[in-house]
file upload.txt (compact mmCIF, C-alpha atoms (C1' of nucleotides))
# COMPACT_ATOMS: atom_id res chain seq x y z
CA MET A 1 36.39 29.21 -0.84
CA THR A 2 38.50 27.67 -3.54
CA VAL A 3 39.23 23.97 -3.41
CA LEU A 4 40.73 21.35 -5.68
CA PHE A 5 39.71 18.18 -3.85
CA SER A 6 36.99 17.69 -1.29
CA LYS A 7 38.06 17.10 2.31
CA LYS A 8 37.01 13.50 1.89
CA CYS A 9 39.35 13.15 -1.04
CA GLU A 10 42.25 14.91 0.70
CA TYR A 11 41.86 12.59 3.68
CA GLY A 12 41.57 9.57 1.42
CA LEU A 13 44.74 10.52 -0.44
CA GLN A 14 46.60 11.02 2.83
CA ALA A 15 45.39 7.72 4.22
CA VAL A 16 46.32 5.68 1.16
CA LEU A 17 49.74 7.33 0.99
CA TYR A 18 50.14 6.50 4.67
CA MET A 19 49.32 2.85 4.14
CA ALA A 20 51.58 2.67 1.10
CA ALA A 21 54.45 3.94 3.24
CA GLN A 22 54.07 1.13 5.81
CA ASP A 23 55.89 -2.19 5.70
CA GLU A 24 54.33 -4.47 3.17
CA ASP A 25 51.10 -6.16 4.32
CA ARG A 26 51.06 -4.33 7.63
CA ILE A 27 47.49 -3.61 8.74
CA CYS A 28 46.57 -0.16 10.02
CA SER A 29 43.48 0.48 12.09
CA ALA A 30 41.26 3.46 11.43
CA GLU A 31 42.25 4.71 14.85
CA GLU A 32 45.95 4.65 14.02
CA ILE A 33 45.38 6.54 10.77
CA SER A 34 43.14 8.99 12.58
CA ASN A 35 45.82 9.67 15.19
CA LYS A 36 48.79 9.89 12.87
CA LEU A 37 47.11 12.12 10.32
CA SER A 38 44.87 14.10 12.68
CA ILE A 39 41.68 13.16 10.90
CA PRO A 40 38.43 12.61 12.85
CA LYS A 41 38.22 8.86 13.50
CA GLU A 42 34.61 8.31 12.49
CA PHE A 43 35.10 10.34 9.35
CA ILE A 44 38.21 8.53 8.13
CA SER A 45 36.48 5.24 8.99
CA LYS A 46 33.73 6.06 6.51
CA ILE A 47 36.25 7.06 3.86
CA LEU A 48 38.23 3.85 4.38
CA GLN A 49 35.02 1.88 4.03
CA SER A 50 34.32 3.50 0.68
CA LEU A 51 37.87 2.93 -0.52
CA THR A 52 37.43 -0.71 0.46
CA ALA A 53 34.28 -0.85 -1.64
CA SER A 54 36.25 0.66 -4.52
CA GLY A 55 38.83 -2.09 -4.24
CA ILE A 56 41.80 0.17 -3.60
CA ILE A 57 42.26 -1.06 -0.05
CA GLU A 58 40.99 -4.13 1.76
CA SER A 59 39.75 -4.55 5.29
CA LYS A 60 40.15 -7.18 7.96
CA LYS A 61 37.35 -7.34 10.51
CA GLY A 62 37.45 -8.18 14.20
CA LYS A 63 40.12 -7.63 16.82
CA THR A 64 43.52 -6.89 15.16
CA GLY A 65 41.48 -5.78 12.16
CA GLY A 66 42.15 -2.77 10.01
CA PHE A 67 43.09 -1.79 6.48
CA ARG A 68 45.87 -2.24 3.97
CA LEU A 69 46.34 -1.79 0.23
CA ALA A 70 44.38 -4.30 -1.81
CA ILE A 71 46.81 -3.96 -4.70
CA HIS A 72 50.52 -3.24 -4.73
CA SER A 73 51.52 0.41 -4.41
CA SER A 74 53.27 0.10 -7.77
CA LYS A 75 49.83 -0.24 -9.35
CA ILE A 76 48.02 2.62 -7.65
CA LYS A 77 48.06 6.20 -8.93
CA LEU A 78 46.83 9.30 -7.16
CA ILE A 79 44.19 9.74 -9.82
CA ASP A 80 42.71 6.33 -8.92
CA ILE A 81 42.00 7.58 -5.42
CA VAL A 82 40.62 10.88 -6.67
CA GLU A 83 38.40 9.05 -9.12
CA ALA A 84 37.09 6.71 -6.42
CA ILE A 85 36.15 9.55 -4.08
CA ASP A 86 35.49 12.74 -6.05
CA GLY A 87 35.14 11.38 -9.54
CA LEU A 88 36.78 12.86 -12.63
CA GLU A 89 34.04 15.28 -13.57
CA SER A 90 36.04 18.38 -12.72
CA PHE A 91 38.66 17.41 -15.30
CA ASN A 92 35.94 17.77 -17.84
CA SER A 93 33.94 20.82 -16.79
CA CYS A 94 34.30 24.54 -17.40
CA VAL A 95 36.46 26.45 -14.94
CA LEU A 96 34.22 29.51 -15.28
CA GLY A 97 31.06 27.48 -14.82
CA PHE A 98 29.72 28.06 -18.33
CA SER A 99 27.50 25.37 -19.70
CA ASN A 100 28.32 23.56 -22.92
CA CYS A 101 31.95 24.65 -22.85
CA THR A 102 33.47 22.91 -25.86
CA PRO A 103 36.06 23.70 -28.52
CA LYS A 104 33.15 24.90 -30.68
CA ASN A 105 31.64 27.06 -27.94
CA PRO A 106 34.66 27.82 -25.78
CA CYS A 107 34.63 30.00 -22.70
CA PRO A 108 37.12 32.89 -22.74
CA VAL A 109 39.87 30.82 -21.11
CA HIS A 110 39.02 27.46 -22.63
CA LYS A 111 42.32 26.70 -24.31
CA GLU A 112 44.56 27.92 -21.52
CA TRP A 113 42.61 26.14 -18.83
CA GLY A 114 42.46 22.96 -20.84
CA GLU A 115 46.24 22.84 -20.95
CA LEU A 116 46.51 23.31 -17.20
CA ARG A 117 43.90 20.70 -16.54
CA THR A 118 45.76 18.24 -18.72
CA LYS A 119 48.97 18.92 -16.80
CA ALA A 120 47.18 18.38 -13.51
CA TYR A 121 45.76 15.12 -14.76
CA GLU A 122 49.18 14.02 -15.93
CA MET A 123 50.67 14.86 -12.57
CA LEU A 124 48.12 12.66 -10.84
CA SER A 125 48.35 9.79 -13.28
CA SER A 126 51.96 9.59 -14.38
CA GLU A 127 53.49 8.11 -11.23
CA THR A 128 52.41 5.27 -9.00
CA ILE A 129 52.32 5.87 -5.28
CA ASP A 130 55.26 3.62 -4.40
CA LYS A 131 57.33 6.52 -5.73
CA PHE A 132 56.06 8.67 -2.87
CA LYS A 133 56.95 6.31 -0.03
CA GLU A 134 60.03 8.14 1.23
CA LYS A 135 58.53 11.58 0.86
CA THR A 136 55.42 10.43 2.69
CA LEU A 137 57.46 9.04 5.58
CA ASN A 138 59.35 12.32 5.86
CA LYS A 139 56.16 14.32 5.86
CA ILE A 140 54.37 12.09 8.37
CA SER A 141 57.31 12.23 10.75
CA VAL A 142 56.80 15.95 11.33
CA LEU A 143 53.01 15.95 11.74
CA MET B 1 33.00 16.82 -5.76
CA THR B 2 36.03 18.57 -7.05
CA VAL B 3 35.89 22.27 -7.66
CA LEU B 4 38.29 25.03 -8.52
CA PHE B 5 36.17 28.07 -7.77
CA SER B 6 33.06 28.30 -5.65
CA LYS B 7 29.77 28.81 -7.47
CA LYS B 8 29.76 32.36 -6.16
CA CYS B 9 33.11 32.94 -7.80
CA GLU B 10 32.15 31.33 -11.09
CA TYR B 11 29.05 33.49 -11.26
CA GLY B 12 31.04 36.57 -10.32
CA LEU B 13 33.58 35.88 -13.05
CA GLN B 14 30.84 35.34 -15.61
CA ALA B 15 29.06 38.51 -14.59
CA VAL B 16 32.13 40.72 -14.72
CA LEU B 17 33.15 39.27 -18.10
CA TYR B 18 29.61 39.96 -19.28
CA MET B 19 29.75 43.59 -18.18
CA ALA B 20 33.20 44.01 -19.71
CA ALA B 21 31.81 42.81 -23.03
CA GLN B 22 29.09 45.50 -23.11
CA ASP B 23 29.43 48.91 -24.70
CA GLU B 24 31.43 51.21 -22.50
CA ASP B 25 29.50 52.66 -19.55
CA ARG B 26 26.36 50.70 -20.33
CA ILE B 27 24.54 49.75 -17.14
CA CYS B 28 23.28 46.19 -16.67
CA SER B 29 20.61 45.32 -14.15
CA ALA B 30 20.91 42.23 -11.99
CA GLU B 31 17.87 40.89 -13.78
CA GLU B 32 19.49 41.21 -17.20
CA ILE B 33 22.61 39.42 -15.98
CA SER B 34 20.49 36.77 -14.32
CA ASN B 35 18.58 36.13 -17.55
CA LYS B 36 21.50 36.18 -19.93
CA LEU B 37 23.73 33.96 -17.82
CA SER B 38 21.02 31.79 -16.26
CA ILE B 39 22.01 32.63 -12.72
CA PRO B 40 19.36 32.92 -9.96
CA LYS B 41 18.51 36.61 -9.73
CA GLU B 42 18.64 36.99 -5.97
CA PHE B 43 21.94 35.13 -5.83
CA ILE B 44 23.71 37.16 -8.50
CA SER B 45 22.33 40.30 -6.85
CA LYS B 46 24.18 39.44 -3.67
CA ILE B 47 27.36 38.67 -5.57
CA LEU B 48 27.11 41.96 -7.47
CA GLN B 49 26.65 43.77 -4.17
CA SER B 50 29.83 42.26 -2.81
CA LEU B 51 31.76 43.06 -6.00
CA THR B 52 30.50 46.63 -5.63
CA ALA B 53 31.84 46.69 -2.08
CA SER B 54 35.19 45.41 -3.43
CA GLY B 55 35.33 48.29 -5.88
CA ILE B 56 35.50 46.16 -9.03
CA ILE B 57 32.06 47.26 -10.20
CA GLU B 58 29.87 50.19 -9.23
CA SER B 59 26.14 50.40 -8.76
CA LYS B 60 23.47 52.91 -9.64
CA LYS B 61 20.35 52.81 -7.49
CA GLY B 62 16.74 53.47 -8.40
CA LYS B 63 14.83 52.97 -11.58
CA THR B 64 17.23 52.49 -14.53
CA GLY B 65 19.77 51.41 -11.94
CA GLY B 66 22.18 48.53 -12.25
CA PHE B 67 25.88 47.78 -12.42
CA ARG B 68 28.91 48.48 -14.57
CA LEU B 69 32.66 48.19 -14.19
CA ALA B 70 34.08 50.67 -11.72
CA ILE B 71 37.45 50.61 -13.46
CA HIS B 72 38.35 50.09 -17.11
CA SER B 73 38.46 46.50 -18.31
CA SER B 74 42.09 47.04 -19.25
CA LYS B 75 42.84 47.26 -15.53
CA ILE B 76 40.94 44.23 -14.26
CA LYS B 77 42.36 40.72 -14.20
CA LEU B 78 40.53 37.49 -13.52
CA ILE B 79 42.57 37.02 -10.37
CA ASP B 80 41.19 40.29 -8.97
CA ILE B 81 37.68 38.87 -9.13
CA VAL B 82 38.75 35.53 -7.65
CA GLU B 83 40.55 37.35 -4.85
CA ALA B 84 37.51 39.49 -4.09
CA ILE B 85 35.18 36.51 -3.83
CA ASP B 86 37.11 33.37 -2.89
CA GLY B 87 40.38 34.86 -1.68
CA LEU B 88 43.82 33.63 -2.64
CA GLU B 89 44.26 31.10 0.14
CA SER B 90 44.05 28.09 -2.14
CA PHE B 91 47.08 29.29 -4.08
CA ASN B 92 48.98 28.90 -0.86
CA SER B 93 47.66 25.71 0.69
CA CYS B 94 48.51 22.04 0.31
CA VAL B 95 46.69 20.16 -2.43
CA LEU B 96 46.68 16.99 -0.31
CA GLY B 97 45.46 18.82 2.76
CA PHE B 98 48.60 18.33 4.81
CA SER B 99 49.30 20.96 7.40
CA ASN B 100 52.50 22.96 7.38
CA CYS B 101 53.30 22.06 3.80
CA THR B 102 56.47 24.02 3.07
CA PRO B 103 59.70 23.48 1.12
CA LYS B 104 61.21 22.22 4.39
CA ASN B 105 58.32 19.88 5.16
CA PRO B 106 56.93 19.17 1.73
CA CYS B 107 54.05 16.84 0.95
CA PRO B 108 54.79 14.10 -1.58
CA VAL B 109 53.70 16.24 -4.55
CA HIS B 110 54.83 19.61 -3.23
CA LYS B 111 57.14 20.60 -6.05
CA GLU B 112 54.99 19.39 -8.92
CA TRP B 113 51.84 20.93 -7.54
CA GLY B 114 53.59 24.20 -6.80
CA GLU B 115 54.51 24.52 -10.46
CA LEU B 116 50.95 23.92 -11.58
CA ARG B 117 49.59 26.36 -9.06
CA THR B 118 52.01 28.98 -10.30
CA LYS B 119 50.89 28.41 -13.88
CA ALA B 120 47.26 28.71 -12.83
CA TYR B 121 47.99 31.93 -11.02
CA GLU B 122 49.83 33.27 -14.07
CA MET B 123 46.92 32.37 -16.31
CA LEU B 124 44.58 34.35 -14.10
CA SER B 125 46.85 37.34 -13.65
CA SER B 126 48.70 37.76 -16.92
CA GLU B 127 45.91 39.20 -19.04
CA THR B 128 43.35 41.89 -18.37
CA ILE B 129 39.73 41.14 -19.15
CA ASP B 130 39.43 43.52 -22.09
CA LYS B 131 41.33 40.78 -23.95
CA PHE B 132 38.38 38.45 -23.44
CA LYS B 133 35.70 40.74 -24.83
CA GLU B 134 35.24 39.05 -28.19
CA LYS B 135 35.44 35.53 -26.79
CA THR B 136 32.92 36.42 -24.13
CA LEU B 137 30.49 37.81 -26.71
CA ASN B 138 30.80 34.64 -28.76
CA LYS B 139 30.19 32.46 -25.75
CA ILE B 140 27.23 34.49 -24.47
CA SER B 141 25.59 34.43 -27.88
CA VAL B 142 25.09 30.67 -27.69
CA LEU B 143 23.86 30.44 -24.09
C1' DC C 13 32.76 -19.06 26.43
C1' DT C 14 33.41 -14.44 27.17
C1' DT C 15 35.67 -10.19 26.69
C1' DT C 16 37.73 -6.99 23.82
C1' DA C 17 38.64 -4.41 19.82
C1' DA C 18 38.03 -3.92 15.36
C1' DT C 19 34.96 -3.03 10.82
C1' DC C 20 30.29 -2.13 8.93
C1' DA C 21 25.74 0.00 8.05
C1' DG C 22 22.72 3.37 8.56
C1' DA C 23 20.79 7.14 11.04
C1' DC C 24 21.69 11.56 12.91
C1' DA C 25 23.81 16.32 13.67
C1' DA C 26 26.44 20.43 12.61
C1' DA C 27 28.54 23.57 9.50
C1' DA C 28 29.17 25.59 5.12
C1' DA C 29 27.59 26.73 0.65
C1' DC C 30 23.89 27.95 -2.17
C1' DA C 31 19.67 30.28 -2.79
C1' DT C 32 15.46 33.02 -1.58
C1' DC C 33 12.51 36.30 0.79
C1' DT C 34 11.09 40.70 2.89
C1' DG C 35 11.00 45.28 3.48
C1' DA C 36 13.48 49.71 3.11
C1' DT C 37 15.52 53.14 0.25
C1' DT C 38 16.64 55.37 -4.05
C1' DT C 39 15.73 57.25 -8.51
C1' DT C 40 13.26 57.89 -12.87
C1' DA C 41 9.35 59.00 -15.43
C1' DA C 42 4.43 59.28 -16.21
C1' DT D 17 3.17 63.51 -6.58
C1' DT D 18 2.94 59.02 -7.29
C1' DA D 19 3.93 54.56 -9.36
C1' DA D 20 7.41 51.62 -11.00
C1' DA D 21 11.76 49.51 -10.98
C1' DA D 22 16.02 49.18 -9.37
C1' DT D 23 19.77 48.41 -5.40
C1' DC D 24 20.63 47.35 -0.44
C1' DA D 25 20.64 45.02 4.08
C1' DG D 26 19.59 41.44 6.74
C1' DA D 27 16.96 37.44 7.87
C1' DT D 28 15.56 33.00 6.44
C1' DG D 29 15.41 28.61 4.03
C1' DT D 30 17.51 24.62 1.46
C1' DT D 31 21.09 21.51 0.02
C1' DT D 32 25.55 19.61 0.27
C1' DT D 33 29.49 18.57 2.78
C1' DT D 34 31.52 17.39 6.86
C1' DG D 35 31.43 15.00 11.00
C1' DT D 36 29.28 11.95 14.87
C1' DC D 37 26.64 8.34 17.08
C1' DT D 38 24.56 3.79 17.84
C1' DG D 39 24.16 -0.82 17.46
C1' DA D 40 25.30 -5.03 14.85
C1' DT D 41 28.74 -8.19 13.34
C1' DT D 42 33.27 -10.23 13.22
C1' DA D 43 37.43 -12.29 14.96
C1' DA D 44 41.34 -12.79 18.22
C1' DA D 45 42.84 -13.82 22.82
C1' DG D 46 42.34 -14.70 27.62
call {"tool": "encode", "arguments": {"input": "upload.txt", "output": "structure tokens"}}
result
Amino acid sequence: MTVLFSKKCEYGLQAVLYMAAQDEDRICSAEEISNKLSIPKEFISKILQSLTASGIIESKKGKTGGFRLAIHSSKIKLIDIVEAIDGLESFNSCVLGFSNCTPKNPCPVHKEWGELRTKAYEMLSSETIDKFKEKTLNKISVL
Amino acid sequence: MTVLFSKKCEYGLQAVLYMAAQDEDRICSAEEISNKLSIPKEFISKILQSLTASGIIESKKGKTGGFRLAIHSSKIKLIDIVEAIDGLESFNSCVLGFSNCTPKNPCPVHKEWGELRTKAYEMLSSETIDKFKEKTLNKISVL
DNA sequence: CTTTAATCAGACAAAAACATCTGATTTTAA
DNA sequence: TTAAAATCAGATGTTTTTGTCTGATTAAAG
């Protein structure tokens, strides 16, 4: 199979976008996120826990507990979520799997792939997630 | 982790590029490929078997047996190898993992990601692997 | 105070990906 | 003719990823 992000990361991205699309300060339970996004509850719970540890979201314990953004959506980029879950290694490793792939010892597609990778990185880091609020709401409404 | 191609696919790409960089019609054993590219022998053997089944390479059995391209390197593109091993599904599925991600029900990054995906596809399908011969030889020489 | 409903921590289980093993068959060459 | 060296097919084993379970803790509300 070919994948860009792990399932964990996909789910994490979805969940954070979901929370960013809610009314400010509203708390979402893991169960709500699980239901709305069709993600296994126990699995998304674990992912939300790790995002809490990363400081991207914060949790409230006890009855009426749940999660919300720990920082304003105008300060969170998609790449921050990717970095917290999958790390940034793939933006720095050879697409063909060759070791020691550097400008001095490039793989056959080094230059071309490097450009693409840079564009992907830019896409994930140029906009903050508040920009996605409306699009996220539209998407969620049809799930 | 974040990955573009599976390990199988990376190894397959490396192996086919390696064979394409050899003198025409020269046969390479799985062991040679394993040694030169530092890929576990039994694993690359399996991958070579499946590439043989796909018709990209051909095998010769018995002593002095091995593998070579089944078609000229001027007719093989990287995407053909990717398709044979990983399939093309990822070029047609949502980067955020949303279901039913279409122009009508786009995910928040649908348009931007679509453009990148198209560029990646073009990179893999625009050139045939005979173009990579020299670069491959250079790369292999330092492994 | 007790019940309820949530997160949290860590163990456990299942599935997929990665890798290896075994034995059969094929072919070359001594 | 036989030994050696290769592919082939299928089973098996290992590791990583994905997903689940259990019990503890926390906090609100009856």
call {"tool": "atom_distance", "arguments": {"input": "upload.txt", "atom1": "atom CA of A:Leu37", "atom2": "atom CA of A:Leu13"}}
result
11.1 Å
call {"tool": "closest_atom_pairs", "arguments": {"input": "upload.txt", "of": "stretch 30-103 of chain A", "to": "stretch 38-49 of chain B", "cutoff": "12 Å", "atoms": "all atoms listed in the file", "output": "CSV"}}
result
residue,atom,partner,partner_atom,distance
A:Gly97,CA,B:Ile39,CA,10.6
A:Phe98,CA,B:Ser38,CA,9.7
A:Ser99,CA,B:Ser38,CA,9.7
call {"tool": "closest_residue", "arguments": {"input": "upload.txt", "among": "C:DA42, C:DC13, C:DC24, C:DA18", "to": "chain A", "atoms": "all atoms listed in the file"}}
result
C:DA18
call {"tool": "closest_atom_pairs", "arguments": {"input": "upload.txt", "of": "chain B", "to": "chain C", "cutoff": "9 Å", "atoms": "all atoms listed in the file", "output": "CSV"}}
result
residue,atom,partner,partner_atom,distance
B:Ser6,CA,C:DA29,C1',8.5
B:Lys7,CA,C:DC30,C1',8.0
B:Lys8,CA,C:DC30,C1',8.4
B:Pro40,CA,C:DA31,C1',7.6
B:Glu42,CA,C:DT32,C1',6.7
B:Phe43,CA,C:DA31,C1',6.2
B:Lys60,CA,C:DT39,C1',8.9
B:Lys61,CA,C:DT38,C1',5.7
B:Gly62,CA,C:DT39,C1',3.9
B:Lys63,CA,C:DT40,C1',5.3
B:Thr64,CA,C:DT40,C1',6.9
B:Gly65,CA,C:DT39,C1',7.9
call {"tool": "atom_distance", "arguments": {"input": "upload.txt", "atom1": "atom CA of A:Ile33", "atom2": "atom CA of B:Asn105"}}
result
19.4 Å
